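Data first, discussion second: the structure below is written as structure tokens.
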Number of protein chains: 2
Amino acid sequence: MLLAGAGAAMTMVVATLIERKRNGGALAPAEWRELITAYTADQVPDYQMSALLMAIYFRGLSPEELAALTDAMLESGDRLDLGRRTVPAVDKHSTGGVGDKTSLLLAPMLAACGLMVPMMSGRGLGHTGGTLDKLESIPGFRTDLRLREAEDQVRRIGCALIGQTPEIAPADKRLYALRDVTATVESIPLIAASIMSKKLAEGVDGLVLDVKTGSGAFLPDPEMARTLAETMIGLGEARGCRTVALLTAMDRPLGRAAGNALEVEEAIEGLQGRGPDDLMELTYALGAEMLLVAGAAADRRDAQRKLGHVIESGAALDRLRAIIEAQGGNPAVVDDPGALPQAPVERIWEAPVAGIVSRVEPRRIGRAIMALGGGRMKVDDAIDPAVGFVITARPGDLVARGQPLATIHARDDSGARAAAQALAEAIVIGEPAAPLPLISHRITRDGVEPL
Amino acid sequence: MLLAGAGAAMTMVVATLIERKRNGGALAPAEWRELITAYTADQVPDYQMSALLMAIYFRGLSPEELAALTDAMLESGDRLDLGRRTVPAVDKHSTGGVGDKTSLLLAPMLAACGLMVPMMSGRGLGHTGGTLDKLESIPGFRTDLRLREAEDQVRRIGCALIGQTPEIAPADKRLYALRDVTATVESIPLIAASIMSKKLAEGVDGLVLDVKTGSGAFLPDPEMARTLAETMIGLGEARGCRTVALLTAMDRPLGRAAGNALEVEEAIEGLQGRGPDDLMELTYALGAEMLLVAGAAADRRDAQRKLGHVIESGAALDRLRAIIEAQGGNPAVVDDPGALPQAPVERIWEAPVAGIVSRVEPRRIGRAIMALGGGRMKVDDAIDPAVGFVITARPGDLVARGQPLATIHARDDSGARAAAQALAEAIVIGEPAAPLPLISHRITRDGVEPL
């Protein structure tokens, strides 16, 4: 043990590790392993870890260090055990955005295609939404399954939609909470290690990453987004998990609905074959990659055909119904959107001038949802699942003055008024529109392919 | 209050301050003041402060931020109140080295010249010695005076030699302990704020800084040493404290003795007019600057004359006797070095080859003292006051094979053997010697003057 010894001696050893990282050096794999083990066992104080995290923010991690840190975080907990299985397991991860409900479609679709989808998601934070919050807008739906429950459900019905269980990567859970309050979230190696330690704990054979770029993305800069994708692909592939990334647009919301229950409703429409074009295009593209990394489709054309089939046959919608039922939710929401929480105030928002819609700013929309009570600043804030927007205007649309462009769903009149003001800032009319391509690049272990 | 509100709200505000500093921005003076106030009141957790300290390590502080942080640390505690006085108060600070016992000479010398010297010192840490440890090798000597005791003693006999009292800059005390275990010590603005918040709390009119350069210095790089000096001068002068710095050599030990009781003995010899040349030259140079910043000498020549007088008359030695008596120590050590702790094992160390002494490496000597038990790795380590070295060899000396170059003072034979091995590494014979000039530059608010 490098970190053996009583408190004071270990404190000094950890200080020398921090100093080495601060000076641009590297920690050895055994040092990462023992440091994370000791931290998880409460033998390294948060104040040393946060100084190290800030040093990592400035100095980065070598590929060897990143691998060691990720493994140490993964091994700090348990893994999903899907048993001896004849079908591959697969998952998808998105770096987060506004209106992104693809997980709600893909999990039942891929399960209906015969794959196992042990999907562990997060909560919304800041301007971005979170799959767990959306699911919890379904009355009764439980996302806090324990590891063994989730395993059972995946074996039974092919899919579970859960949060990070206490058994999975506890070191990541503690580090994430610490990063959140010490301004050390925005570090590519720390983001990659956090995501991949959890995804690898799911025990999946394949993983598809939806890495957002553009003004509403967590990392707006496309170069950083690409670096993050390549970093995560390297980690996954080195551990026997086929990993592919798509770089996709988050310079406008995805689909029309933004807000928890509203997005569930739109996802159900998508599974019924009547989702918005951009949402369905991205869902099919990600779904095809999931089938391909799982080796469950001959080629992209075959993959698209299989995905189309589970939608048209109703098999995907049935699978969503089964998942909701298994996790304690009211499956009636699948056939009756009125069973989802409804906001008491609904207001149509109309174009104030005629012209071309140049921008629909996702950050502004996301912050407006928070102001309506539908998002959170801190992980333990309560949220109102019913509020949000349905925005039909897309960048490039030609609109007339007074044309309805959005519906506001609010708790009360004053919330609706503030939301209308936010829309007036978010929806820019009159300048030329230059939206990003919905899917710009495909990245694999072999390189970057423009699409 | 910017930081008003309950725990969670303040946590988020502090996170945005850390983020701003991390991104290269500046905190406003009111933000520094409230942050330090809240930290001192245990309302900001150490893990946020350590992340901020690491961000400061990488991003630095603007002059306005540094001033605000220093003032906030100063105002976190009390100040020495020397009453209505007709004589100026003055102090000296050294950035630390091996064999540097100038404080033990200067405090009684300047007090004997009629000035007030409220001298607050530190403990040795790492390879450098500390004035408090040296003083505590005098049997009975107390350095842990409370603020009011120290004030009384300065008013009575012109001088007190104490550690940082609990009343002085408590924010600095906590921040220093945190920096020590989070690898955030080596930051020029943090060093400057820490030193100056304490020195300004002494309420002195003038301050002389002995900033060491060379391989044994805390900041070996002369450019960094100069920047630190200029930074501290700026802080002092802006607060009405005349501040001057000398850049001095720490590429070899100062004087001959290195080790706590051995250095007290050499300081007493210095006050008796028979100290080693380099120690006396630096002591006179620093003492002259102290008289000049206090306005207590017409010019450097007058200052040197006054210093010479208090040595020759025995007034300085008498003043040391009075200080020791006032602080509970045995004043017999002044006349009888045998009253100081004596190491049981003494060994002469001889030149293994003939040639020119090219280097006497202070870091190696300092670490050897630690290995003998005379230094500390952590602030609460106990030390053996008697051990150490008396090294007569100086860089540039021509020595014969077998010539005695040093005496080892050790607890036992095995310690003496290890110390002999350390000397064989520290004292390099045979390459050309290129020692740094003892005093290379004088720095004032008006600029840098080569000497």
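Convention: chains lettered A, B, ... in structure tokens order; per-chain residue numbering from 1; ligands numbered from 1 as shown.
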
Within 9 Å of chain A: residues of chain B, using only C-alpha atoms, as a ChimeraX atom specification: /B:8,11-12,14-20,22,45-55,57-58,178,180-184,377-378

Test item: residues at most 12 Å from region 154-157 of chain B, only C-alpha atoms, excluding those fewer than 3 positions along its chain, as JSON, numbers by chain: {"B": [80, 81, 82, 83, 84, 85, 86, 87, 88, 89, 90, 107, 108, 110, 111, 112, 113, 114, 115, 116, 117, 118, 119, 120, 145, 147, 148, 149, 150, 151, 160, 161, 162, 202, 204, 316, 318, 319, 320, 321, 322, 323, 324, 325, 326, 327]}

DSSP strand (DSSP E or B) selection over region 154-389 of chain B, as a ChimeraX atom specification: /B:159-162,206-213,242-249,257-258,345-350,355-360,388-389

Selection above as a file: N, CA and C atoms, as a short mmCIF file (atom, residue, chain, number, x, y, z; two decimals), in the first residue's frame:
```
data_model
loop_
_atom_site.label_atom_id
_atom_site.label_comp_id
_atom_site.auth_asym_id
_atom_site.auth_seq_id
_atom_site.Cartn_x
_atom_site.Cartn_y
_atom_site.Cartn_z
N CYS B 159 11.22 44.36 23.30
CA CYS B 159 11.22 43.23 22.36
C CYS B 159 10.48 42.04 22.95
N ALA B 160 9.77 41.31 22.08
CA ALA B 160 9.24 39.99 22.43
C ALA B 160 9.48 39.09 21.22
N LEU B 161 9.84 37.83 21.50
CA LEU B 161 10.10 36.86 20.43
C LEU B 161 9.05 35.76 20.54
N ILE B 162 8.02 35.85 19.71
CA ILE B 162 6.86 34.99 19.93
C ILE B 162 6.41 34.31 18.65
N GLY B 206 8.04 49.89 10.26
CA GLY B 206 8.97 49.51 9.21
C GLY B 206 9.20 48.02 9.24
N LEU B 207 9.50 47.46 8.04
CA LEU B 207 9.69 46.02 7.92
C LEU B 207 10.81 45.78 6.91
N VAL B 208 11.75 44.91 7.29
CA VAL B 208 12.83 44.54 6.37
C VAL B 208 12.67 43.06 6.02
N LEU B 209 12.67 42.78 4.73
CA LEU B 209 12.48 41.41 4.25
C LEU B 209 13.81 40.85 3.78
N ASP B 210 14.14 39.68 4.28
CA ASP B 210 15.34 38.97 3.81
C ASP B 210 14.83 37.86 2.89
N VAL B 211 14.90 38.11 1.59
CA VAL B 211 14.36 37.14 0.63
C VAL B 211 15.52 36.33 0.07
N LYS B 212 15.50 35.04 0.38
CA LYS B 212 16.61 34.17 0.02
C LYS B 212 16.49 33.72 -1.44
N THR B 213 17.63 33.53 -2.09
CA THR B 213 17.64 32.92 -3.42
C THR B 213 18.70 31.81 -3.41
N ARG B 242 6.82 51.20 6.07
CA ARG B 242 7.97 51.28 5.18
C ARG B 242 8.56 49.89 5.04
N THR B 243 8.71 49.40 3.81
CA THR B 243 9.13 48.02 3.61
C THR B 243 10.27 47.97 2.58
N VAL B 244 11.34 47.30 2.95
CA VAL B 244 12.53 47.18 2.12
C VAL B 244 12.94 45.71 2.12
N ALA B 245 13.49 45.24 0.99
CA ALA B 245 13.93 43.84 0.94
C ALA B 245 15.37 43.75 0.49
N LEU B 246 16.10 42.79 1.04
CA LEU B 246 17.41 42.41 0.50
C LEU B 246 17.29 41.01 -0.08
N LEU B 247 17.85 40.81 -1.29
CA LEU B 247 17.93 39.46 -1.85
C LEU B 247 19.26 38.88 -1.42
N THR B 248 19.22 37.75 -0.72
CA THR B 248 20.46 37.22 -0.14
C THR B 248 20.65 35.74 -0.48
N ALA B 249 21.91 35.30 -0.34
CA ALA B 249 22.30 33.97 -0.83
C ALA B 249 21.86 32.85 0.11
N ALA B 257 26.94 27.17 12.16
CA ALA B 257 26.07 26.26 12.90
C ALA B 257 24.73 26.08 12.20
N ALA B 258 24.27 24.83 12.17
CA ALA B 258 22.94 24.51 11.64
C ALA B 258 22.35 23.45 12.56
N VAL B 345 26.58 12.49 21.15
CA VAL B 345 27.63 12.03 20.23
C VAL B 345 28.14 13.19 19.39
N GLU B 346 29.49 13.36 19.41
CA GLU B 346 30.11 14.39 18.57
C GLU B 346 31.15 13.73 17.69
N ARG B 347 31.13 14.03 16.40
CA ARG B 347 32.09 13.42 15.49
C ARG B 347 32.68 14.50 14.57
N ILE B 348 33.98 14.45 14.42
CA ILE B 348 34.63 15.34 13.44
C ILE B 348 34.48 14.71 12.06
N TRP B 349 34.16 15.53 11.08
CA TRP B 349 34.06 15.03 9.70
C TRP B 349 35.19 15.66 8.89
N GLU B 350 35.99 14.79 8.21
CA GLU B 350 37.20 15.27 7.52
C GLU B 350 37.03 15.20 6.02
N GLY B 355 41.27 19.51 -2.38
CA GLY B 355 40.73 20.27 -3.50
C GLY B 355 40.00 21.50 -3.03
N ILE B 356 39.31 22.12 -3.97
CA ILE B 356 38.54 23.32 -3.63
C ILE B 356 37.11 22.90 -3.29
N VAL B 357 36.56 23.44 -2.20
CA VAL B 357 35.16 23.18 -1.85
C VAL B 357 34.29 23.92 -2.85
N SER B 358 33.55 23.16 -3.66
CA SER B 358 32.75 23.84 -4.68
C SER B 358 31.33 24.13 -4.19
N ARG B 359 30.76 23.23 -3.39
CA ARG B 359 29.39 23.47 -2.91
C ARG B 359 29.21 22.91 -1.50
N VAL B 360 28.38 23.62 -0.71
CA VAL B 360 27.87 23.08 0.56
C VAL B 360 26.35 23.22 0.44
N GLY B 388 22.69 18.50 15.12
CA GLY B 388 22.97 19.39 14.00
C GLY B 388 24.42 19.33 13.58
N PHE B 389 24.85 20.39 12.90
CA PHE B 389 26.20 20.45 12.35
C PHE B 389 26.85 21.79 12.67
#
```

Close residues, Arg79 (chain B) itself excluded, 9 Å, only C-alpha atoms, min 3 positions apart in chain, as a ChimeraX atom specification: /B:74-75,147,167-169,198,200-203

Selection above as a file: N, CA, C and O atoms, as a CSV table (one decimal), in the first residue's frame:
```csv
chain,number,residue,atom,x,y,z
B,74,LEU,N,-5.8,40.0,7.7
B,74,LEU,CA,-5.4,40.9,8.8
B,74,LEU,C,-6.6,41.2,9.8
B,74,LEU,O,-6.5,41.1,11.0
B,75,GLU,N,-7.7,41.5,9.1
B,75,GLU,CA,-8.9,41.9,9.9
B,75,GLU,C,-9.7,40.8,10.5
B,75,GLU,O,-10.6,40.9,11.3
B,147,LEU,N,-1.4,37.7,23.2
B,147,LEU,CA,-1.2,39.0,22.6
B,147,LEU,C,-0.9,40.1,23.7
B,147,LEU,O,0.1,40.9,23.5
B,167,GLU,N,-4.8,35.3,18.6
B,167,GLU,CA,-5.5,36.5,18.3
B,167,GLU,C,-5.1,37.1,16.9
B,167,GLU,O,-5.8,37.9,16.4
B,168,ILE,N,-3.9,36.7,16.4
B,168,ILE,CA,-3.4,37.4,15.2
B,168,ILE,C,-3.8,36.6,14.0
B,168,ILE,O,-3.5,35.4,13.9
B,169,ALA,N,-4.5,37.2,13.0
B,169,ALA,CA,-4.8,36.7,11.7
B,169,ALA,C,-5.2,35.2,11.8
B,169,ALA,O,-4.6,34.3,11.1
B,198,LYS,N,0.3,38.9,8.8
B,198,LYS,CA,0.8,38.8,10.2
B,198,LYS,C,1.7,40.0,10.6
B,198,LYS,O,1.6,40.5,11.7
B,200,LEU,N,1.7,43.0,9.4
B,200,LEU,CA,1.0,44.2,9.5
B,200,LEU,C,0.2,44.2,10.9
B,200,LEU,O,0.0,45.3,11.5
B,201,ALA,N,-0.2,43.0,11.3
B,201,ALA,CA,-0.9,42.9,12.6
B,201,ALA,C,0.1,43.2,13.8
B,201,ALA,O,-0.4,43.5,14.9
B,202,GLU,N,1.4,43.2,13.6
B,202,GLU,CA,2.3,43.6,14.6
B,202,GLU,C,2.3,45.1,14.9
B,202,GLU,O,2.8,45.6,15.8
B,203,GLY,N,1.7,45.8,13.9
B,203,GLY,CA,1.6,47.3,14.0
B,203,GLY,C,2.9,48.0,13.9
B,203,GLY,O,3.2,49.0,14.5
```

Contacts of Ser313 (chain B) within 12 Å, only C-alpha atoms, excl. fewer than 2 positions in-chain, as a PyMOL selection string: chain B and resi 109+112-113+271-273+305-311+315-319

Filtering to all heavy atoms, could you give me those residues as a short mmCIF file (atom, residue, chain, number, x, y, z; two decimals), in the first residue's frame?
```cif
data_model
loop_
_atom_site.label_atom_id
_atom_site.label_comp_id
_atom_site.auth_asym_id
_atom_site.auth_seq_id
_atom_site.Cartn_x
_atom_site.Cartn_y
_atom_site.Cartn_z
N MET B 109 19.57 43.42 19.26
CA MET B 109 20.38 44.55 18.79
C MET B 109 19.51 45.78 18.55
O MET B 109 19.83 46.89 18.98
CB MET B 109 21.12 44.19 17.49
CG MET B 109 22.32 43.27 17.70
SD MET B 109 22.94 42.58 16.13
CE MET B 109 23.78 44.02 15.44
N ALA B 112 18.18 47.16 21.70
CA ALA B 112 19.24 47.89 22.40
C ALA B 112 19.49 49.25 21.75
O ALA B 112 19.96 50.18 22.40
CB ALA B 112 20.53 47.05 22.41
N CYS B 113 19.16 49.38 20.46
CA CYS B 113 19.26 50.68 19.77
C CYS B 113 18.09 51.58 20.12
O CYS B 113 17.97 52.68 19.59
CB CYS B 113 19.32 50.47 18.26
SG CYS B 113 20.89 49.81 17.66
N LEU B 271 26.61 38.09 19.11
CA LEU B 271 26.32 39.25 19.98
C LEU B 271 27.53 39.59 20.84
O LEU B 271 27.64 40.70 21.35
CB LEU B 271 25.10 38.96 20.86
CG LEU B 271 23.76 38.89 20.11
CD1 LEU B 271 22.64 38.43 21.05
CD2 LEU B 271 23.40 40.25 19.49
N GLN B 272 28.44 38.62 20.98
CA GLN B 272 29.70 38.88 21.71
C GLN B 272 30.78 39.42 20.78
O GLN B 272 31.93 39.60 21.19
CB GLN B 272 30.17 37.58 22.38
CG GLN B 272 29.28 37.13 23.54
CD GLN B 272 29.52 35.69 23.95
OE1 GLN B 272 30.08 34.91 23.17
NE2 GLN B 272 29.08 35.33 25.15
N GLY B 273 30.42 39.61 19.51
CA GLY B 273 31.38 40.18 18.57
C GLY B 273 32.29 39.17 17.92
O GLY B 273 33.28 39.52 17.29
N ARG B 305 27.32 52.15 12.60
CA ARG B 305 28.00 52.59 13.81
C ARG B 305 27.15 52.28 15.06
O ARG B 305 27.64 51.74 16.05
CB ARG B 305 28.23 54.12 13.71
CG ARG B 305 29.29 54.69 14.65
CD ARG B 305 29.33 56.22 14.59
NE ARG B 305 28.00 56.83 14.73
CZ ARG B 305 27.31 56.89 15.88
NH1 ARG B 305 27.81 56.38 16.99
NH2 ARG B 305 26.11 57.48 15.90
N LYS B 306 25.86 52.57 14.98
CA LYS B 306 24.95 52.28 16.10
C LYS B 306 24.91 50.78 16.41
O LYS B 306 24.90 50.37 17.58
CB LYS B 306 23.54 52.76 15.78
CG LYS B 306 23.36 54.28 15.83
CD LYS B 306 21.88 54.65 15.67
CE LYS B 306 21.52 56.01 16.26
NZ LYS B 306 21.82 57.15 15.37
N LEU B 307 24.87 49.97 15.35
CA LEU B 307 24.83 48.52 15.55
C LEU B 307 26.12 48.03 16.19
O LEU B 307 26.11 47.19 17.11
CB LEU B 307 24.58 47.81 14.22
CG LEU B 307 23.22 48.09 13.56
CD1 LEU B 307 23.21 47.55 12.12
CD2 LEU B 307 22.08 47.48 14.38
N GLY B 308 27.24 48.56 15.69
CA GLY B 308 28.54 48.18 16.25
C GLY B 308 28.62 48.54 17.73
O GLY B 308 29.13 47.77 18.55
N HIS B 309 28.05 49.66 18.06
CA HIS B 309 28.11 50.13 19.44
C HIS B 309 27.36 49.19 20.40
O HIS B 309 27.87 48.86 21.48
CB HIS B 309 27.54 51.55 19.54
CG HIS B 309 27.56 52.09 20.93
ND1 HIS B 309 28.72 52.45 21.57
CD2 HIS B 309 26.55 52.28 21.81
CE1 HIS B 309 28.43 52.85 22.79
NE2 HIS B 309 27.11 52.76 22.96
N VAL B 310 26.16 48.74 20.01
CA VAL B 310 25.40 47.88 20.94
C VAL B 310 26.02 46.49 21.07
O VAL B 310 25.79 45.80 22.07
CB VAL B 310 23.89 47.75 20.55
CG1 VAL B 310 23.20 49.11 20.68
CG2 VAL B 310 23.70 47.16 19.17
N ILE B 311 26.82 46.10 20.07
CA ILE B 311 27.58 44.84 20.23
C ILE B 311 28.75 45.05 21.18
O ILE B 311 28.92 44.34 22.17
CB ILE B 311 28.10 44.34 18.86
CG1 ILE B 311 26.94 44.02 17.90
CG2 ILE B 311 29.05 43.14 19.05
CD1 ILE B 311 26.41 42.63 17.96
N ALA B 315 25.44 45.85 25.20
CA ALA B 315 24.03 46.19 25.41
C ALA B 315 23.11 45.19 24.71
O ALA B 315 22.04 44.83 25.23
CB ALA B 315 23.76 47.62 24.88
N ALA B 316 23.51 44.73 23.53
CA ALA B 316 22.66 43.78 22.80
C ALA B 316 22.59 42.45 23.54
O ALA B 316 21.52 41.84 23.67
CB ALA B 316 23.20 43.59 21.37
N LEU B 317 23.75 42.01 24.04
CA LEU B 317 23.77 40.74 24.79
C LEU B 317 22.93 40.87 26.06
O LEU B 317 22.19 39.94 26.41
CB LEU B 317 25.22 40.38 25.12
CG LEU B 317 25.47 38.93 25.51
CD1 LEU B 317 25.17 37.99 24.35
CD2 LEU B 317 26.94 38.74 25.95
N ASP B 318 23.04 42.02 26.73
CA ASP B 318 22.21 42.24 27.92
C ASP B 318 20.73 42.17 27.56
O ASP B 318 19.92 41.64 28.33
CB ASP B 318 22.49 43.63 28.51
CG ASP B 318 23.81 43.65 29.27
OD1 ASP B 318 24.34 42.55 29.56
OD2 ASP B 318 24.30 44.76 29.58
N ARG B 319 20.39 42.73 26.40
CA ARG B 319 18.99 42.73 26.01
C ARG B 319 18.51 41.31 25.73
O ARG B 319 17.40 40.94 26.10
CB ARG B 319 18.79 43.63 24.78
CG ARG B 319 17.36 44.00 24.51
CD ARG B 319 16.74 44.79 25.70
NE ARG B 319 17.46 46.02 25.96
CZ ARG B 319 16.95 47.25 25.82
NH1 ARG B 319 15.68 47.39 25.44
NH2 ARG B 319 17.68 48.31 26.07
#
```

Taking 4 positions as the minimum chain separation for residues in the same chain, which residues sit within 10 Å of Arg411 (chain B) when counting only C-alpha atoms? Answer as an mmCIF file with C-alpha atoms, in the first residue's frame.
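What landed in around21.cif:
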```cif
data_model
loop_
_atom_site.group_PDB
_atom_site.id
_atom_site.type_symbol
_atom_site.label_atom_id
_atom_site.label_comp_id
_atom_site.auth_asym_id
_atom_site.auth_seq_id
_atom_site.Cartn_x
_atom_site.Cartn_y
_atom_site.Cartn_z
ATOM 1 C CA GLN B 342 24.160 18.959 24.307
ATOM 2 C CA ALA B 343 24.107 16.046 21.870
ATOM 3 C CA PRO B 344 25.681 12.894 23.389
ATOM 4 C CA VAL B 345 27.628 12.027 20.227
ATOM 5 C CA GLU B 346 30.106 14.389 18.566
ATOM 6 C CA LEU B 372 19.005 13.500 13.016
ATOM 7 C CA GLY B 373 15.688 14.415 14.683
ATOM 8 C CA GLY B 374 16.271 18.164 14.708
ATOM 9 C CA ASP B 384 15.638 17.158 19.332
ATOM 10 C CA ALA B 386 20.719 19.460 20.435
ATOM 11 C CA VAL B 387 21.498 17.818 17.109
ATOM 12 C CA GLY B 388 22.971 19.390 13.995
ATOM 13 C CA GLY B 415 22.541 8.949 13.520
ATOM 14 C CA ALA B 416 26.131 10.185 13.310
#
```

Two-atom distance - CA of Ala434 (chain A), CA of Ile408 (chain A) (Å):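 CA of Ile408 (chain A) lies at a distance of 25.6 Å from CA of Ala434 (chain A).
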
Non-local contacts of Thr227 (chain B) (9 Å; only C-alpha atoms; under 5 positions in same chain excluded) as a PyMOL selection string: chain B and resi 188+222+232

Interatomic distance (Å, one decimal) between CA of Arg363 (chain B) and CA of His127 (chain B):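 Taking CA of Arg363 (chain B) as the start and CA of His127 (chain B) as the end point, the length is 5.9 Å.
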
Between CA of Leu282 (chain A) and CA of Leu135 (chain A) - distance in Å to one decimal: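 Distance between the two atoms: 20.0 Å.
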
Backbone-only DSSP, alpha helix (DSSP H) members of region 178-424 of chain B, as a ChimeraX atom specification: /B:178-180,188-201,222-238,260-271,277-293,300-312,315-326,362-372,413-424

Residue among A:Asp100, A:Arg256, A:Ser215, A:Leu69 lying closest to Ile195 (chain A), counting only C-alpha atoms: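 Using only C-alpha atoms, the shortest distance to Ile195 (chain A) belongs to A:Leu69.
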
Near-Glu136 (chain A) list (9 Å; only C-alpha atoms; drop same-chain fewer than 5 positions) as a PyMOL selection string: chain A and resi 131+141-143+260-261+329+385
